[in-house]
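What follows is the content of query-v7.tsv (TSV, C-alpha atoms).
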```
chain	number	residue	atom	x	y	z
T	231	GLU	CA	-1.25	-0.70	-20.57
T	232	TYR	CA	-2.84	-2.11	-17.45
T	233	ASP	CA	-6.19	-3.70	-18.14
T	234	CYS	CA	-8.44	-3.41	-15.09
T	235	MET	CA	-9.84	-6.93	-15.22
T	236	LYS	CA	-13.58	-7.21	-15.05
T	237	GLN	CA	-13.48	-10.92	-14.18
T	238	HIS	CA	-13.09	-10.48	-10.45
T	239	LYS	CA	-11.91	-13.00	-7.93
T	240	ARG	CA	-12.04	-12.22	-4.24
T	241	MET	CA	-8.82	-10.92	-2.77
T	242	ASP	CA	-7.07	-13.49	-0.55
T	243	THR	CA	-5.78	-11.05	2.07
T	244	ARG	CA	-4.21	-13.89	4.06
T	245	GLN	CA	-2.09	-14.99	1.11
T	246	ARG	CA	-1.18	-11.39	0.27
T	247	ILE	CA	0.13	-10.81	3.78
T	248	LEU	CA	2.04	-14.12	3.68
T	249	ASP	CA	3.59	-13.15	0.32
T	250	LEU	CA	4.71	-9.79	1.68
T	251	LEU	CA	6.17	-11.40	4.80
T	252	GLU	CA	8.09	-13.87	2.66
T	253	ARG	CA	9.41	-11.22	0.26
T	254	ARG	CA	10.44	-8.96	3.12
T	255	LYS	CA	11.88	-11.95	5.02
T	256	TRP	CA	9.96	-10.79	8.09
T	257	PRO	CA	8.80	-13.09	10.89
T	258	VAL	CA	5.29	-12.44	12.20
T	259	TRP	CA	6.66	-10.71	15.32
T	260	ARG	CA	8.35	-8.11	13.07
T	261	LEU	CA	5.04	-7.25	11.39
T	262	ALA	CA	3.40	-7.02	14.81
T	263	GLN	CA	6.19	-4.71	15.99
T	264	LYS	CA	6.04	-2.46	12.91
T	265	SER	CA	2.24	-2.31	12.66
T	266	GLY	CA	1.22	-2.22	16.32
T	267	ILE	CA	-1.18	-5.11	15.65
T	268	ASN	CA	-1.36	-7.76	18.37
T	269	HIS	CA	0.77	-10.83	17.56
T	270	SER	CA	-2.16	-13.23	18.10
T	271	THR	CA	-4.40	-11.11	15.85
T	272	ILE	CA	-1.93	-11.52	12.98
T	273	PHE	CA	-1.68	-15.29	13.56
T	274	ASN	CA	-5.48	-15.63	13.60
T	275	MET	CA	-5.70	-13.60	10.40
T	276	ILE	CA	-3.05	-15.73	8.67
T	277	GLN	CA	-4.76	-18.93	9.80
T	278	ARG	CA	-8.09	-17.61	8.46
T	279	LYS	CA	-9.63	-17.57	11.92
T	280	ASN	CA	-10.86	-14.04	11.30
T	281	MET	CA	-11.23	-11.67	8.36
T	282	PRO	CA	-9.06	-8.56	8.70
T	283	SER	CA	-10.89	-5.28	9.06
T	284	LEU	CA	-10.18	-2.34	6.79
T	285	LYS	CA	-8.33	-0.66	9.67
T	286	THR	CA	-6.11	-3.73	10.09
T	287	ILE	CA	-5.24	-3.75	6.37
T	288	GLU	CA	-4.37	-0.04	6.62
T	289	GLU	CA	-2.05	-0.79	9.55
T	290	VAL	CA	-0.43	-3.65	7.61
T	291	THR	CA	0.20	-1.50	4.53
T	292	ALA	CA	1.68	1.25	6.70
T	293	ALA	CA	4.04	-1.28	8.29
T	294	PHE	CA	5.20	-2.52	4.87
T	295	GLY	CA	5.47	1.05	3.57
T	296	ILE	CA	3.17	0.39	0.61
T	297	SER	CA	-0.04	2.06	-0.55
T	298	MET	CA	-3.45	0.41	-0.25
T	299	ARG	CA	-3.53	0.18	-4.04
T	300	GLN	CA	-0.22	-1.72	-4.01
T	301	PHE	CA	-1.58	-4.14	-1.40
T	302	PHE	CA	-4.60	-4.96	-3.57
T	303	ALA	CA	-2.86	-4.66	-6.95
T	304	GLU	CA	-3.19	-7.54	-9.38
T	305	LYS	CA	-0.50	-8.77	-11.74
T	306	GLY	CA	0.18	-6.19	-14.45
T	307	ASP	CA	-0.80	-3.17	-12.35
T	308	PRO	CA	1.82	-0.41	-12.89
T	309	ALA	CA	1.60	0.38	-9.17
T	310	LEU	CA	3.55	-2.81	-8.46
T	311	PHE	CA	7.32	-2.52	-8.01
T	312	THR	CA	9.76	-3.70	-10.65
T	313	PRO	CA	12.22	-6.30	-9.24
T	314	GLN	CA	14.91	-3.61	-8.89
T	315	GLN	CA	12.54	-1.14	-7.21
T	316	GLU	CA	11.39	-3.84	-4.81
T	317	ALA	CA	14.95	-4.81	-3.84
T	318	VAL	CA	15.99	-1.19	-3.21
T	319	PHE	CA	12.77	-0.20	-1.43
T	320	PHE	CA	12.75	-3.20	0.92
T	321	LEU	CA	16.33	-2.52	2.03
T	322	TYR	CA	15.60	1.19	2.37
T	323	HIS	CA	12.31	0.84	4.22
T	324	ASP	CA	13.74	-1.61	6.77
T	325	THR	CA	15.79	1.24	8.22
T	326	SER	CA	14.51	3.70	10.83
T	327	ILE	CA	12.84	6.98	9.83
T	328	PRO	CA	15.93	9.07	10.80
T	329	GLN	CA	18.10	6.74	8.71
T	330	ARG	CA	15.71	6.98	5.77
T	331	LYS	CA	15.82	10.77	5.95
T	332	ALA	CA	19.62	10.67	6.01
T	333	ILE	CA	19.72	8.23	3.07
T	334	LEU	CA	17.45	10.42	0.93
T	335	HIS	CA	19.51	13.50	1.84
T	336	ALA	CA	22.73	11.72	0.80
T	337	MET	CA	21.10	10.63	-2.46
T	338	GLU	CA	20.00	14.23	-3.09
T	339	LEU	CA	23.58	15.42	-2.70
T	340	LEU	CA	24.79	12.77	-5.14
T	341	SER	CA	22.00	13.69	-7.55
T	342	GLU	CA	23.03	17.37	-7.41
T	343	GLN	CA	26.58	16.34	-8.30
T	344	ASN	CA	25.09	14.87	-11.46
T	345	GLY	CA	23.45	18.19	-12.34
T	346	ILE	CA	19.95	17.22	-11.22
T	347	ALA	CA	18.01	20.05	-9.57
T	348	LYS	CA	17.31	19.57	-5.88
T	349	THR	CA	13.81	18.33	-5.05
T	350	ASN	CA	11.72	20.02	-2.40
T	351	TYR	CA	12.01	18.16	0.89
T	352	ASN	CA	8.73	17.39	2.61
T	353	GLU	CA	8.58	16.05	6.17
T	354	ASN	CA	5.12	14.65	5.46
T	355	GLU	CA	6.64	12.06	3.12
T	356	PHE	CA	7.50	10.11	6.27
T	357	GLN	CA	4.03	10.49	7.76
T	358	GLU	CA	1.96	8.84	5.04
T	359	ASP	CA	-1.75	8.69	5.78
T	360	HIS	CA	-2.82	5.17	4.82
T	361	ASN	CA	-6.38	5.64	6.04
T	362	MET	CA	-9.09	6.04	3.45
T	363	ASP	CA	-12.63	7.19	4.02
T	364	ALA	CA	-14.31	4.24	2.30
T	365	ILE	CA	-17.79	5.75	2.72
T	366	ALA	CA	-16.71	8.94	0.93
T	367	ARG	CA	-15.09	6.82	-1.80
T	368	ILE	CA	-18.29	4.84	-2.38
T	369	LYS	CA	-20.29	8.07	-2.62
T	370	GLU	CA	-17.73	9.49	-5.05
T	371	LEU	CA	-17.96	6.42	-7.29
T	372	MET	CA	-21.76	6.54	-7.18
T	373	GLU	CA	-21.72	10.20	-8.19
T	374	GLU	CA	-19.31	9.48	-11.07
T	375	ARG	CA	-21.79	6.89	-12.39
T	376	GLY	CA	-24.93	8.84	-11.59
T	377	TRP	CA	-26.09	5.96	-9.40
T	378	THR	CA	-28.73	6.27	-6.71
T	379	LEU	CA	-28.78	4.07	-3.62
T	380	TYR	CA	-31.53	2.07	-5.30
T	381	ARG	CA	-29.30	1.44	-8.35
T	382	LEU	CA	-26.36	0.42	-6.16
T	383	SER	CA	-28.64	-1.96	-4.28
T	384	GLN	CA	-29.89	-3.47	-7.55
T	385	GLU	CA	-26.41	-3.89	-9.02
T	386	SER	CA	-24.72	-5.19	-5.86
T	387	GLY	CA	-27.49	-7.26	-4.30
T	388	ILE	CA	-26.98	-5.45	-1.00
T	389	ALA	CA	-30.27	-4.56	0.69
T	390	ILE	CA	-31.08	-0.87	0.37
T	391	THR	CA	-31.66	-0.62	4.13
T	392	THR	CA	-28.12	-1.95	4.66
T	393	LEU	CA	-26.72	0.64	2.23
T	394	ILE	CA	-28.64	3.46	3.94
T	395	ASN	CA	-27.24	2.42	7.31
T	396	LEU	CA	-23.76	2.10	5.80
T	397	LEU	CA	-23.63	5.42	3.96
T	398	HIS	CA	-25.27	7.50	6.68
T	399	HIS	CA	-23.06	6.32	9.52
T	400	SER	CA	-19.34	6.89	9.99
T	401	LYS	CA	-18.45	3.24	10.62
T	402	GLN	CA	-16.14	1.85	7.94
T	403	PRO	CA	-17.63	-0.99	5.86
T	404	ALA	CA	-16.27	-4.53	5.97
T	405	LEU	CA	-13.80	-5.48	3.25
T	406	GLN	CA	-16.27	-8.08	1.91
T	407	THR	CA	-18.85	-5.32	1.43
T	408	ILE	CA	-16.36	-3.17	-0.47
T	409	GLU	CA	-15.51	-6.16	-2.69
T	410	ILE	CA	-19.19	-6.67	-3.55
T	411	ILE	CA	-19.59	-2.97	-4.37
T	412	CYS	CA	-16.45	-3.04	-6.53
T	413	GLU	CA	-17.79	-6.02	-8.47
T	414	SER	CA	-21.08	-4.23	-9.09
T	415	MET	CA	-19.19	-1.18	-10.40
T	416	GLU	CA	-16.77	-3.34	-12.42
T	417	ILE	CA	-13.64	-1.99	-10.77
T	418	THR	CA	-10.87	-3.73	-8.86
T	419	LEU	CA	-10.10	-3.24	-5.18
T	420	ALA	CA	-6.84	-1.60	-6.28
T	421	GLU	CA	-8.84	0.98	-8.26
T	422	PHE	CA	-11.14	1.56	-5.29
T	423	PHE	CA	-8.16	2.29	-3.05
T	424	THR	CA	-6.33	4.55	-5.53
T	425	ARG	CA	-5.83	7.95	-3.91
T	426	PRO	CA	-5.40	11.31	-5.72
T	427	SER	CA	-2.35	11.97	-3.51
T	428	GLU	CA	-0.64	8.80	-4.77
T	429	PRO	CA	0.02	9.14	-8.53
T	430	GLY	CA	0.03	5.70	-10.11
T	431	GLY	CA	-0.46	4.12	-6.70
T	432	PHE	CA	2.99	5.07	-5.41
T	433	THR	CA	3.44	6.90	-2.11
T	434	ALA	CA	5.26	10.25	-2.00
T	435	GLU	CA	8.22	8.65	-0.27
T	436	GLN	CA	8.46	5.88	-2.87
T	437	LEU	CA	8.30	8.39	-5.73
T	438	LYS	CA	11.11	10.45	-4.20
T	439	LEU	CA	13.31	7.41	-3.57
T	440	PHE	CA	12.90	6.03	-7.10
T	441	ALA	CA	13.38	9.44	-8.76
T	442	LEU	CA	16.63	9.93	-6.86
T	443	TRP	CA	17.73	6.37	-7.60
T	444	ASP	CA	17.16	6.89	-11.32
T	445	SER	CA	19.30	10.05	-11.22
T	446	LEU	CA	22.37	8.25	-9.83
T	447	THR	CA	25.24	6.69	-11.73
T	448	GLU	CA	25.91	2.96	-11.42
T	449	GLU	CA	28.84	3.71	-9.10
T	450	GLN	CA	26.67	5.88	-6.88
T	451	ARG	CA	23.91	3.25	-6.79
T	452	SER	CA	26.47	0.66	-5.70
T	453	ALA	CA	27.56	2.96	-2.87
T	454	VAL	CA	23.95	3.44	-1.73
T	455	LEU	CA	23.33	-0.32	-1.85
T	456	GLU	CA	26.48	-0.95	0.20
T	457	LEU	CA	25.20	1.49	2.82
T	458	LEU	CA	21.76	-0.15	2.92
T	459	LEU	CA	23.29	-3.64	3.21
T	460	ALA	CA	25.59	-2.44	6.00
T	461	LEU	CA	22.59	-1.06	7.91
T	462	GLN	CA	20.75	-4.33	7.39
T	463	ALA	CA	23.73	-6.33	8.71
T	464	LYS	CA	24.00	-4.07	11.76
T	465	ARG	CA	20.29	-4.46	12.46
T	466	ASN	CA	20.57	-8.28	12.26
T	467	GLU	CA	23.52	-8.49	14.67
```
Could I get this file's structure written as structure tokens?
Amino acid sequence: EYDCMKQHKRMDTRQRILDLLERRKWPVWRLAQKSGINHSTIFNMIQRKNMPSLKTIEEVTAAFGISMRQFFAEKGDPALFTPQQEAVFFLYHDTSIPQRKAILHAMELLSEQNGIAKTNYNENEFQEDHNMDAIARIKELMEERGWTLYRLSQESGIAITTLINLLHHSKQPALQTIEIICESMEITLAEFFTRPSEPGGFTAEQLKLFALWDSLTEEQRSAVLELLLALQAKRNE
């Protein structure tokens, strides 16, 4: 069982983005293209010239097709992909949205052949909302603990005037501020960014893909992989 470590170390967002780029075999321009983030902004972030904002991290996770919890997950977190899940998802997610819809539909047909009941199709699975209201999340965590602003200020070391300004305005807090608050509450960033709509930290689209994958025979999985590899080769031409 995943042990939410209480010995925190600050998340190296630069290294996390570099790791994801390497595992996806994406150049920086591809991340810029997929995320809509300016190319120079990504380079500055990678070179530690600026700290990414929460909005930027949300745009990065959307580009990679992962949840915020998966971005911040530490080793041992069940929200992380197994090696097989990662290989399948990366190939799958590198296709276009129409292709992904067609792939899932084909997998559903194969699954039905195996006697598995058809799952309900939901268009919203391809329109994942990666944005989180961090202010609302902080308030929710305070309420769970019965903490007042004064208690949060005491535990976190953040001035109470700063917390008042933060919690009574709509501006999203800096990632460093969220890290400090997480440390004071003895939770990880991954736990902070866990959403009720993402069971176990997986997005709806990921859950559907993996459920269908598990329902296929080895022969059917090989056929799906061949299709994904063919699409990848065509894209790289």
Can you pull out every residue within 12 Å of Gly431 (chain T), counting all atoms listed in the file, but drop anything in the same chain fewer than 4 positions away, and send it as a CSV table (one decimal) with C-alpha atoms, keeping the file's coordinate frame?
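So the final result, stored in part-v7.csv, reads:
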```csv
chain,number,residue,atom,x,y,z
T,296,ILE,CA,3.2,0.4,0.6
T,297,SER,CA,0.0,2.1,-0.6
T,298,MET,CA,-3.4,0.4,-0.2
T,299,ARG,CA,-3.5,0.2,-4.0
T,300,GLN,CA,-0.2,-1.7,-4.0
T,301,PHE,CA,-1.6,-4.1,-1.4
T,302,PHE,CA,-4.6,-5.0,-3.6
T,303,ALA,CA,-2.9,-4.7,-7.0
T,307,ASP,CA,-0.8,-3.2,-12.4
T,308,PRO,CA,1.8,-0.4,-12.9
T,309,ALA,CA,1.6,0.4,-9.2
T,310,LEU,CA,3.6,-2.8,-8.5
T,311,PHE,CA,7.3,-2.5,-8.0
T,360,HIS,CA,-2.8,5.2,4.8
T,420,ALA,CA,-6.8,-1.6,-6.3
T,421,GLU,CA,-8.8,1.0,-8.3
T,422,PHE,CA,-11.1,1.6,-5.3
T,423,PHE,CA,-8.2,2.3,-3.0
T,424,THR,CA,-6.3,4.6,-5.5
T,425,ARG,CA,-5.8,8.0,-3.9
T,426,PRO,CA,-5.4,11.3,-5.7
T,427,SER,CA,-2.4,12.0,-3.5
T,435,GLU,CA,8.2,8.6,-0.3
T,436,GLN,CA,8.5,5.9,-2.9
T,437,LEU,CA,8.3,8.4,-5.7
```
Spatial neighbours of region 454-465 of chain T, max dist 12 Å, all atoms listed in the file, sep filter under 6 positions, as a list in words: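 With the cut-off at 12 Å, the set is Lys255, Gln314, Ala317, Val318, Phe319, Phe320, Leu321, Tyr322, His323, Asp324, Thr325, Ser326, Gln329, Arg330, Ala332, Ile333, Leu334, His335, Ala336, Met337, Glu338, Leu340, Ser341, Leu439, Leu442, Trp443, Leu446, Thr447 and Glu448 of chain T.
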For Leu382 (chain T): contacts at 12 Å, only C-alpha atoms, fewer than 3 positions along chain excluded, given as a ChimeraX atom specification: /T:368-369,371-373,375-379,385-394,397,410-415
Residue contacts of region 276-290 of chain T (9 Å, only C-alpha atoms) excluding same-chain residues fewer than 2 positions away, as a PyMOL selection string: chain T and resi 243-245+247-248+261-262+264-267+271-274+292-298+301+360-362+364+402-406
Two-atom distance - CA of Ile408 (chain T), CA of Ala366 (chain T) (Å):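 CA of Ala366 (chain T) lies 12.2 Å from CA of Ile408 (chain T).
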Separation of CA of His399 (chain T) from CA of Ile365 (chain T), in Å and rounded to one decimal: 8.6 Å
Atom pair CA of Arg246 (chain T) / CA of Thr291 (chain T): separation (Å): 10.9 Å
